[in-house]
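Scroll down for the structure; my scribbles are underneath it.
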Amino acid sequence: MRLPAPRNKPRQTGCIAHSAAFTLAEVLAALVFMAIVIPVALEAMHVASRAGTVAARKGEAARVAQRLLAETLVTTNWSQSVQSGTLTESQREFDWTMHSDPWSQDPSQNVIRQLSVEVKFTAQNQPYSVRMTTLVDSSQQ
């Protein structure tokens with residue numbers, strides 16, 4: 001009967017094998033780094049979210065202002081010096097104020113008027129506004 005040949009086993013030297021592990025200082029440094037980075041990243045996300053919300057609402061407010069100016073120009077309803085109201089756009093309410101003033105660049109004539117509308121809105125509990133202005137020829141009324 002023949003016995004199987006012994007397999008070659010790796011030779012062990014007198015050294016103890018080092019296993020890969022983190023030291024306590026490395027773990028603490030990583031925790032401190034995370035404690036600094038996470039709040040900064042969350043604040044950056046909050047700021048980006050607010051900027052996106054404000055941009056979307058400004059776009060809606062600009063459409064409201066443009067529509068108000070267009071309606072006022074078509075109806076030639078700019079004889080009143082101040083008008084105001086509330087308009088609903090995309091299930092949101094926008095407060096607006098319209099001013100009709102003589103054009104300040106040429107005070108010698110009263111034919112050209114400056115028509116401006118300011119639309120106010122809130123985004124994340126902060127007040128914002130959009131203002132649009134155009135010139136109109138009041139002799140064409």
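Chain labels follow the order of the structure tokens: the first chain is A, the next B, and so on; residue numbering restarts at 1 in every chain, and ligands are counted from 1 in their shown order.
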* To do: For Val130 of chain A, work out the shell of residues within 12 Å, counting only C-alpha atoms and skipping chain neighbours fewer than 6 positions away, then give it as a count of residues only.
  => 24
* **DSSP strand (DSSP E) residues within chain A, as a ChimeraX atom specification** => /A:82-89,92-102,112-123,126-137
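In this model, the gap between atom CA of Arg50 of chain A and atom CA of Ser84 of chain A comes to 27.7 Å.
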* Which residues, written as JSON, numbers by chain, have at least one atom at most 8 Å from segment 102-111 of chain A, with only C-alpha atoms counted and residues fewer than 6 positions away on the same chain left out? -> {"A": [135, 137, 138, 139]}
Could you save the residues just selected, with N, CA, C and O atoms, as a PDB file, in the first residue's frame?
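Once written, result38.pdb looks like this:
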ATOM      1  N   LEU A 135     -42.146 100.971 -21.848  1.00  0.00           N
ATOM      2  CA  LEU A 135     -42.566 102.319 -22.210  1.00  0.00           C
ATOM      3  C   LEU A 135     -43.777 102.233 -23.127  1.00  0.00           C
ATOM      4  O   LEU A 135     -43.858 101.360 -23.997  1.00  0.00           O
ATOM      5  N   ASP A 137     -46.737 104.689 -25.447  1.00  0.00           N
ATOM      6  CA  ASP A 137     -47.060 105.978 -26.057  1.00  0.00           C
ATOM      7  C   ASP A 137     -48.507 106.286 -25.703  1.00  0.00           C
ATOM      8  O   ASP A 137     -49.443 105.673 -26.229  1.00  0.00           O
ATOM      9  N   SER A 138     -48.718 107.236 -24.812  1.00  0.00           N
ATOM     10  CA  SER A 138     -50.064 107.521 -24.329  1.00  0.00           C
ATOM     11  C   SER A 138     -50.885 108.309 -25.343  1.00  0.00           C
ATOM     12  O   SER A 138     -52.098 108.441 -25.168  1.00  0.00           O
ATOM     13  N   SER A 139     -50.290 108.808 -26.401  1.00  0.00           N
ATOM     14  CA  SER A 139     -51.071 109.518 -27.426  1.00  0.00           C
ATOM     15  C   SER A 139     -51.877 108.539 -28.289  1.00  0.00           C
ATOM     16  O   SER A 139     -52.779 108.936 -28.983  1.00  0.00           O
TER      17      SER A 139
END
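Coordinates place atom CA of Asp101 of chain A at a distance of 17.8 Å from atom CA of Val74 of chain A.
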* Asked: Separation of atom CA of Thr133 of chain A and atom CA of Glu93 of chain A, in Å?
  ->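 Distance reported for this atom pair: 21.0 Å.
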* Can you list, as a VMD selection string, every protein, DNA or RNA residue that comes within 9 Å of Thr134 of chain A when you count only C-alpha atoms, leaving out same-chain residues fewer than 6 positions away? -> chain A and resid 69 113 to 116
Just N, CA and C atoms for this one: save the residues we selected as a PDB file, in the first residue's frame.
ATOM      1  N   LEU A  69     -48.589  93.113 -17.957  1.00  0.00           N
ATOM      2  CA  LEU A  69     -48.192  94.197 -18.853  1.00  0.00           C
ATOM      3  C   LEU A  69     -48.884  94.067 -20.210  1.00  0.00           C
ATOM      4  N   ARG A 113     -45.026 107.200 -21.380  1.00  0.00           N
ATOM      5  CA  ARG A 113     -45.190 106.838 -19.972  1.00  0.00           C
ATOM      6  C   ARG A 113     -44.409 105.564 -19.692  1.00  0.00           C
ATOM      7  N   GLN A 114     -43.973 105.448 -18.463  1.00  0.00           N
ATOM      8  CA  GLN A 114     -43.264 104.245 -18.019  1.00  0.00           C
ATOM      9  C   GLN A 114     -44.248 103.406 -17.223  1.00  0.00           C
ATOM     10  N   LEU A 115     -44.487 102.225 -17.712  1.00  0.00           N
ATOM     11  CA  LEU A 115     -45.421 101.297 -17.087  1.00  0.00           C
ATOM     12  C   LEU A 115     -44.616 100.178 -16.449  1.00  0.00           C
ATOM     13  N   SER A 116     -44.718 100.037 -15.127  1.00  0.00           N
ATOM     14  CA  SER A 116     -43.950  98.990 -14.438  1.00  0.00           C
ATOM     15  C   SER A 116     -44.868  98.195 -13.529  1.00  0.00           C
TER      16      SER A 116
END
* Asked: Where in chain A does DSSP assign helix (DSSP H, G or I), given as number ranges by chain?
  -> A: 24-75, 138-140
* To do: Between A:Val27, A:Ile36, A:Met45, A:Ala51, single out the one closest to Ala123 of chain A, counting only C-alpha atoms.
  =>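 Nearest to Ala123 of chain A: A:Ala51.
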* To do: Find the residue from A:Val136, A:Ser79, A:Ser90, A:Gln124 that sits nearest to His46 of chain A; use only C-alpha atoms when measuring.
  =>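 The answer is A:Gln124, which sits nearest to His46 of chain A.
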